[in-house]
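Notes follow the structure.
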Amino acid sequence: MTAMQHDPAYNFAYLDEQTKRMIRRALLKALAIPGYQVPFASREMPMPYGWGTGGVQVTAACLTPEDRLKVIDQGADDTTNAVSIRKFFERTAGVETTEHTVQASVIQTRHRIPEAPLTEGQILVYQVPIPEPLRFLEPRETETRKMHALEEYGLIYVKLYEDIAHNGAISTAYAYPVKVEGRYVMDPSPIPKFDNPKLESAAIQLFGAGREQRIYAIPPYTQVVSLDFEDHPFEPSKADHDCDLCGCGTSYLDEVITDDAGGRMFVCSDTDFCAARQAEGHRGRLSGEDAA
Amino acid sequence: MRDDALSGGFADTPVEAARAFRAALEAMARPGSIHAVSGAAAPEPLSVAAAVLLLTLCDRETPLYLAPGHDTEALRNWLAFHVGAPLVGPREAMFAIGGWDALAPHDAYAIGTAEYPDRSVTLIVERTELSNAGTRLTGPGIETEAHLSLPETEAFQRNARRFPLGWDCYFTCGDRLAALPRTTRTEAL
Ligand SMILES: [Zn+2]
């Protein structure tokens with residue numbers, strides 16, 4: 001049992017009980033209809049929309065005092081956004097927090113899926129800016145809703161194919177659309193397409209869009225297929241380098257400018273993953289003198 | 001069993017409802033998995049698990065149908081005090097509670113619309129037995145296969161064929177619950 005207490009000035013996990021019930025009902029229907037966007041009445045949160053208020057509300061509706069929460073922003077635990085959300089739940093829910101993926105029972109994320117495979121018993125909560133994968137093709141909500149209802153997904157395939165015609169390949173690198181369980185086309189949030197294969201997971205995946213007021217979900221062991229074509233199969237690409245700190249050749253990398261002279265390095269975007277590998281003795285091109 | 005309408009609710013709602021919801025979430029995410037819950041004691045014949053689900057998910061905004069056998073004065077009074085859900089017939093219900101036969105006909109409930117398949121009922125089916133034996137389950141949330149003691153399979157097969165429309169089910173027995181969303185494929189053994 002956790003020794004931490006939540007701040008008694010707040011209801012547990014901040015939201016009032018009626019709001020939590022409404023969000024919880026939406027989450028259950030979202031799991032029952034994988035990939036379908038359930039409308040919900042998003043609440044004002046004590047942070048700006050761009051900070052993942054949809055994800056925060058989903059996390060608030062799911063947390064129990066026994067949970068251990070991890071929050072990542074583009075793979076890092078130490079950005080202002082991630083630190084603020086972690087502090088918010090330490091204070092309002094009294095939950096313990098961690099930076100280690102394997103120790104977390106609930107992980108709220110913006111723009112990445114952790115490198116370490118998630119397991120049963122874990123919940124991954126995504127912050128979503130634009131939940132509608134068809135929005136850039138059709139601005140009207142009434143129309144996109146009809147398109148989902150009728151499984152009219154031809155337009156999005158046309159858009160992807162035009163990409164191939166113009167560029168020789170599909171240029172979409174983030175928020176690459178997927179089809180869930182052979183039915184709904186879904187926006188996986190702006191994760192790099194490198195992460196798309198990890199959408200088939202043993203963990204529960206929940207998506208919250210605050211401004212757009214949508215919740216959707218992928219249950220564990222659910223089929224998630226990135227849209228592609230027989231002659232142009234989906235390719236989860238990454239920078240063609242190894243991590244300069246831990247030497248990993250299979251993780252997703254960020255390019256970091258290191259000096260004014262144009263020096264640069266490639267490092268794992270998942271900082272916990274990279275640190276764990278370094279602690280195990282793995283070294284990269286720019287590791288210090290103590291390289292193993 | 002408590003006949004007092006004022007007692008039997010959660011003692012610490014925010015925390016107990018949070019734990020109960022996690023059990024309900026895990027159950028719906030992993031069809032066939034059985035979870036124990038606690039914290040509620042309602043008048044008979046409502047089980048602890050069904051009472052916990054109602055306290056956790058229902059309120060004034062969720063029209064509720066009490067099937068014959070569960071439509072008692074004691075239970076109505078308890079629900080009025082602790083939940084506040086308007087009592088309605090099957091067609092208008094967002095939640096419905098009762099034994100499987102009492103809930104019949106099972107095609108009388110909301111199954112959502114093509115544009116809003118979430119506008120569908122959640123059935124809370126009270127069972128005298130709940131175990132991981134019997135009907136074979138496959139589909140989202142299930143790695144290979146699961147088994148659950150369902151009251152029948154045909155109605156669930158018919159329900160799954162309507163996907164993405166359909167209703168979703170909780171099964172309750174004593175203090176334990178399991179779930180079966182519309183995506184689950186069922187096969188009698
Ligand atoms: Zn690394």
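Chain lettering (A, B, ...) mirrors the order of the structure tokens, residue numbering begins at 1 for each chain separately, and ligand numbering begins at 1 in order of display.
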Pull out every residue of chain B sitting within 7 Å of chain A, counting only C-alpha atoms, and send them as a compact mmCIF listing (two decimals) with N, CA and C atoms, in the first residue's frame.
```txt
# COMPACT_ATOMS: atom_id res chain seq x y z
N PRO B 14 -14.88 8.02 -3.84
CA PRO B 14 -13.85 8.25 -4.87
C PRO B 14 -12.87 7.10 -5.00
N VAL B 15 -12.45 6.53 -3.88
CA VAL B 15 -11.45 5.47 -3.92
C VAL B 15 -12.09 4.12 -4.24
N ALA B 18 -13.09 4.02 -7.81
CA ALA B 18 -11.91 3.91 -8.67
C ALA B 18 -11.46 2.46 -8.77
N ARG B 19 -11.40 1.77 -7.63
CA ARG B 19 -10.98 0.35 -7.65
C ARG B 19 -12.00 -0.49 -8.40
N ARG B 22 -11.66 -0.03 -12.15
CA ARG B 22 -10.51 -0.75 -12.73
C ARG B 22 -10.84 -2.20 -12.98
N LEU B 25 -13.10 -2.21 -15.97
CA LEU B 25 -12.32 -1.90 -17.17
C LEU B 25 -11.52 -3.13 -17.63
N MET B 28 -13.88 -5.72 -19.12
CA MET B 28 -14.35 -5.41 -20.47
C MET B 28 -13.20 -5.52 -21.47
N ALA B 29 -11.97 -5.18 -21.03
CA ALA B 29 -10.81 -5.24 -21.93
C ALA B 29 -10.36 -6.67 -22.17
N THR B 56 -20.88 2.48 -9.38
CA THR B 56 -19.70 3.00 -10.08
C THR B 56 -20.06 3.65 -11.42
N LEU B 57 -21.07 3.13 -12.10
CA LEU B 57 -21.32 3.58 -13.48
C LEU B 57 -22.62 4.36 -13.66
N ALA B 114 -25.78 3.40 -36.56
CA ALA B 114 -24.58 3.28 -37.40
C ALA B 114 -23.58 4.40 -37.09
N GLU B 115 -24.10 5.61 -36.80
CA GLU B 115 -23.20 6.72 -36.53
C GLU B 115 -22.80 6.80 -35.06
N ASP B 118 -22.13 3.56 -29.83
CA ASP B 118 -21.95 3.55 -28.38
C ASP B 118 -23.27 3.80 -27.64
N PRO B 140 -11.04 -9.57 -29.74
CA PRO B 140 -10.23 -8.54 -29.10
C PRO B 140 -10.17 -8.72 -27.58
N GLY B 141 -8.99 -8.54 -27.01
CA GLY B 141 -8.80 -8.66 -25.57
C GLY B 141 -8.40 -10.06 -25.14
N ILE B 142 -8.45 -11.02 -26.07
CA ILE B 142 -8.17 -12.42 -25.74
C ILE B 142 -6.99 -12.88 -26.57
N GLU B 143 -5.90 -13.29 -25.92
CA GLU B 143 -4.68 -13.64 -26.65
C GLU B 143 -4.89 -14.87 -27.53
N PRO B 164 -20.66 -3.15 -35.94
CA PRO B 164 -20.35 -2.49 -34.66
C PRO B 164 -21.57 -2.17 -33.78
N PRO B 181 -18.02 -8.04 -24.28
CA PRO B 181 -18.40 -6.99 -25.23
C PRO B 181 -18.93 -7.61 -26.52
N ARG B 182 -19.50 -6.78 -27.36
CA ARG B 182 -20.11 -7.25 -28.61
C ARG B 182 -19.10 -7.85 -29.57
N THR B 183 -17.80 -7.56 -29.36
CA THR B 183 -16.77 -8.05 -30.28
C THR B 183 -16.41 -9.51 -30.05
```
- request: Could you report the residues within 8 Å of ligand 1, using only C-alpha atoms and all ligand atoms, as number ranges by chain?
  value: A: 242-248, 251, 253, 267-271, 273-275, 277-278, 284
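If you count only C-alpha atoms and ignore residues fewer than 4 places along the chain from Ile72 in chain A, what sits within 10 Å of it is Ala76, Asp77, Asp78, Thr79, Asn81, Ala82, Val83, Ile85, Arg86, Glu99, Thr101, Ile107, Gln108, Thr109, Arg110, His111, Arg112, Ile113, Pro114, Tyr126, Asp270, Thr271 and Asp272 of chain A.
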task: Can you work out which one of B:Leu150, B:Ala67, B:Ala40, B:Ile111 has the shortest atom-to-atom distance to Val88 in chain B, counting only C-alpha atoms?
output: B:Ala67
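Going from CA of Thr72 in chain B over to CA of Leu46 in chain B, you cover 10.1 Å.
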Sorted by chain and rising residue number, which residues of range 165-208 of chain A lie within 10 Å of range 48-59 of chain A, and what are their closest atom pairs and distances in Å to one decimal, counting only C-alpha atoms, as a tab-separated table?
```
residue	atom	partner	partner_atom	distance
A:Leu206	CA	A:Val58	CA	7.6
A:Phe207	CA	A:Gly55	CA	6.7
A:Gly208	CA	A:Gly54	CA	4.2
```
Same residues, C-alpha atoms, saved as a PDB file, in the first residue's frame:
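Listed below is the output, result_9.pdb:
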```pdb
ATOM      1  CA  LEU A 206      -6.865   4.379 -24.154  1.00  0.00           C
ATOM      2  CA  PHE A 207      -6.951   7.604 -26.174  1.00  0.00           C
ATOM      3  CA  GLY A 208      -8.261  10.938 -24.896  1.00  0.00           C
TER       4      GLY A 208
END
```
task: List every residue of range 155-241 of chain A that DSSP, applied to the backbone of this structure, assigns to helix (DSSP H, G or I), and report them as a list of chain:residue names.
output: A:Leu155, A:Ile156, A:Tyr157, A:Val158, A:Lys159, A:Leu160, A:Tyr161, A:Glu162, A:Asp163, A:Ile164, A:Ala165, A:His166, A:Asn167, A:Lys193, A:Phe194, A:Asp195, A:Asn196, A:Pro197, A:Lys198, A:Leu199
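Minimum distance to Leu134 in chain A across A:Ala279, A:Ala175, A:Ile215, A:Ile191 (counting only C-alpha atoms) occurs at A:Ala175.
Close contacts of Arg68 in chain A, defined as residues with an atom at most 7 Å away when counting only C-alpha atoms, with chain neighbours fewer than 5 positions off set aside, comprise A:Val95, A:Glu96, A:Thr97, A:Thr98, A:Ala104, A:Ser105, A:Val106.
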Saved selection, atoms kept: N, CA, C and O atoms, as a compact mmCIF listing (two decimals), in the first residue's frame:
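Produced file out_25.txt, reproduced below:
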```txt
# COMPACT_ATOMS: atom_id res chain seq x y z
N VAL A 95 -0.78 9.18 -5.85
CA VAL A 95 -0.16 7.97 -6.39
C VAL A 95 1.35 8.11 -6.46
O VAL A 95 1.88 9.22 -6.54
N GLU A 96 2.02 6.97 -6.41
CA GLU A 96 3.45 6.97 -6.63
C GLU A 96 3.72 7.14 -8.11
O GLU A 96 2.88 6.77 -8.95
N THR A 97 4.87 7.68 -8.44
CA THR A 97 5.23 7.85 -9.84
C THR A 97 6.57 7.16 -10.08
O THR A 97 7.28 6.82 -9.14
N THR A 98 6.85 6.94 -11.34
CA THR A 98 8.10 6.29 -11.71
C THR A 98 8.50 6.75 -13.10
O THR A 98 7.67 7.23 -13.86
N ALA A 104 5.66 0.80 -14.09
CA ALA A 104 4.45 1.61 -14.15
C ALA A 104 3.23 0.75 -14.42
O ALA A 104 3.27 -0.18 -15.23
N SER A 105 2.13 1.04 -13.73
CA SER A 105 0.86 0.37 -14.05
C SER A 105 0.03 1.22 -14.99
O SER A 105 -0.77 0.70 -15.77
N VAL A 106 0.19 2.54 -14.91
CA VAL A 106 -0.47 3.45 -15.84
C VAL A 106 0.60 4.37 -16.43
O VAL A 106 1.41 4.94 -15.69
```
message: Show me, as number ranges by chain, the residues that have an atom within 8 Å of Met186 in chain A when counting only C-alpha atoms, minus same-chain residues fewer than 5 positions from it.
response: A: 35-36, 131-133, 177-180
field: Who sits within 12 Å of Val37 in chain B, only C-alpha atoms, same chain under 4 positions skipped, as a ChimeraX atom specification
entry: /B:10,16-24,26-27,41,47-53,55-56,172-178
Any chance you could export the current selection's N, CA, C and O atoms as a compact mmCIF listing (two decimals), in the first residue's frame?
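The result, stored in result07.txt:
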```
# COMPACT_ATOMS: atom_id res chain seq x y z
N PHE B 10 -21.08 2.96 -1.04
CA PHE B 10 -19.64 3.04 -0.79
C PHE B 10 -19.39 3.89 0.45
O PHE B 10 -20.06 4.91 0.66
N GLU B 16 -13.23 3.83 -3.63
CA GLU B 16 -13.86 2.53 -3.89
C GLU B 16 -14.38 2.45 -5.32
O GLU B 16 -14.30 1.41 -5.96
N ALA B 17 -14.93 3.55 -5.80
CA ALA B 17 -15.41 3.57 -7.20
C ALA B 17 -14.22 3.42 -8.16
O ALA B 17 -14.33 2.77 -9.20
N ALA B 18 -13.09 4.02 -7.81
CA ALA B 18 -11.91 3.91 -8.67
C ALA B 18 -11.46 2.46 -8.77
O ALA B 18 -11.17 1.95 -9.86
N ARG B 19 -11.40 1.77 -7.63
CA ARG B 19 -10.98 0.35 -7.65
C ARG B 19 -12.00 -0.49 -8.40
O ARG B 19 -11.64 -1.38 -9.17
N ALA B 20 -13.28 -0.22 -8.17
CA ALA B 20 -14.33 -0.99 -8.85
C ALA B 20 -14.26 -0.77 -10.35
O ALA B 20 -14.41 -1.71 -11.15
N PHE B 21 -14.03 0.49 -10.76
CA PHE B 21 -13.97 0.75 -12.20
C PHE B 21 -12.80 0.02 -12.84
O PHE B 21 -12.91 -0.50 -13.95
N ARG B 22 -11.66 -0.03 -12.15
CA ARG B 22 -10.51 -0.75 -12.73
C ARG B 22 -10.84 -2.20 -12.98
O ARG B 22 -10.45 -2.80 -13.98
N ALA B 23 -11.59 -2.80 -12.04
CA ALA B 23 -12.02 -4.18 -12.24
C ALA B 23 -12.96 -4.26 -13.44
O ALA B 23 -12.84 -5.16 -14.29
N ALA B 24 -13.88 -3.31 -13.55
CA ALA B 24 -14.84 -3.30 -14.66
C ALA B 24 -14.12 -3.07 -15.98
O ALA B 24 -14.46 -3.65 -17.02
N GLU B 26 -10.83 -3.75 -16.67
CA GLU B 26 -10.06 -4.96 -16.98
C GLU B 26 -10.98 -6.05 -17.52
O GLU B 26 -10.63 -6.77 -18.46
N ALA B 27 -12.16 -6.17 -16.92
CA ALA B 27 -13.11 -7.20 -17.34
C ALA B 27 -13.55 -6.96 -18.78
O ALA B 27 -13.58 -7.89 -19.59
N ALA B 41 -23.50 -3.14 -0.49
CA ALA B 41 -24.43 -4.16 0.01
C ALA B 41 -25.84 -3.63 -0.21
O ALA B 41 -26.29 -2.74 0.50
N SER B 47 -26.80 -8.65 -6.34
CA SER B 47 -25.51 -9.16 -5.86
C SER B 47 -24.59 -8.00 -5.50
O SER B 47 -24.80 -6.86 -5.94
N VAL B 48 -23.58 -8.30 -4.73
CA VAL B 48 -22.56 -7.29 -4.38
C VAL B 48 -21.95 -6.72 -5.66
O VAL B 48 -21.82 -5.50 -5.82
N ALA B 49 -21.58 -7.59 -6.58
CA ALA B 49 -20.90 -7.13 -7.81
C ALA B 49 -21.81 -6.24 -8.65
O ALA B 49 -21.38 -5.21 -9.17
N ALA B 50 -23.09 -6.61 -8.74
CA ALA B 50 -24.02 -5.78 -9.52
C ALA B 50 -24.23 -4.44 -8.82
O ALA B 50 -24.29 -3.40 -9.48
N ALA B 51 -24.33 -4.46 -7.50
CA ALA B 51 -24.49 -3.21 -6.75
C ALA B 51 -23.27 -2.31 -6.95
O ALA B 51 -23.40 -1.10 -7.15
N VAL B 52 -22.08 -2.91 -6.93
CA VAL B 52 -20.85 -2.14 -7.14
C VAL B 52 -20.84 -1.51 -8.53
O VAL B 52 -20.50 -0.33 -8.70
N LEU B 53 -21.26 -2.28 -9.53
CA LEU B 53 -21.30 -1.74 -10.90
C LEU B 53 -22.27 -0.57 -11.00
O LEU B 53 -21.96 0.46 -11.61
N LEU B 55 -23.30 1.44 -8.58
CA LEU B 55 -22.76 2.59 -7.85
C LEU B 55 -21.64 3.27 -8.64
O LEU B 55 -21.46 4.48 -8.59
N THR B 56 -20.88 2.48 -9.38
CA THR B 56 -19.70 3.00 -10.08
C THR B 56 -20.06 3.65 -11.42
O THR B 56 -19.43 4.64 -11.81
N THR B 172 -22.57 -11.02 -13.26
CA THR B 172 -22.25 -10.83 -11.85
C THR B 172 -22.71 -12.05 -11.07
O THR B 172 -23.74 -12.66 -11.37
N CYS B 173 -21.91 -12.41 -10.07
CA CYS B 173 -22.23 -13.57 -9.23
C CYS B 173 -21.55 -13.32 -7.89
O CYS B 173 -20.33 -13.31 -7.81
N GLY B 174 -22.36 -13.09 -6.83
CA GLY B 174 -21.76 -12.75 -5.55
C GLY B 174 -20.92 -11.50 -5.69
O GLY B 174 -21.40 -10.48 -6.19
N ASP B 175 -19.65 -11.57 -5.29
CA ASP B 175 -18.80 -10.37 -5.38
C ASP B 175 -17.88 -10.41 -6.61
O ASP B 175 -16.90 -9.67 -6.67
N ARG B 176 -18.23 -11.27 -7.61
CA ARG B 176 -17.35 -11.40 -8.77
C ARG B 176 -18.08 -10.97 -10.05
O ARG B 176 -19.30 -11.08 -10.14
N LEU B 177 -17.28 -10.48 -10.99
CA LEU B 177 -17.87 -10.06 -12.26
C LEU B 177 -16.97 -10.41 -13.43
O LEU B 177 -15.75 -10.57 -13.27
N ALA B 178 -17.58 -10.55 -14.59
CA ALA B 178 -16.86 -10.74 -15.86
C ALA B 178 -17.64 -9.95 -16.91
O ALA B 178 -18.75 -9.48 -16.64
```
message: Need the shell around Pro45 in chain B: protein/DNA/RNA residues with any atom at most 9 Å away, counting only C-alpha atoms. Skip same-chain ones fewer than 2 positions apart. Format as an NGL selection string?
response: :B and (1 or 42-43 or 47 or 69-70 or 72 or 75)
message: I need the strand (DSSP E) residues of range 150-240 of chain A per DSSP on the backbone, written as a PyMOL selection string.
response: chain A and resi 178-180+184-186+204-209+214-218+224-226
message: Between CA of Lys70 in chain A and CA of Ser226 in chain A, what distance in Å does the model show, to one decimal?
response: 26.9 Å
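The gap separating CA of Asp228 in chain A from CA of Arg30 in chain B is 28.9 Å, in Å to one decimal.
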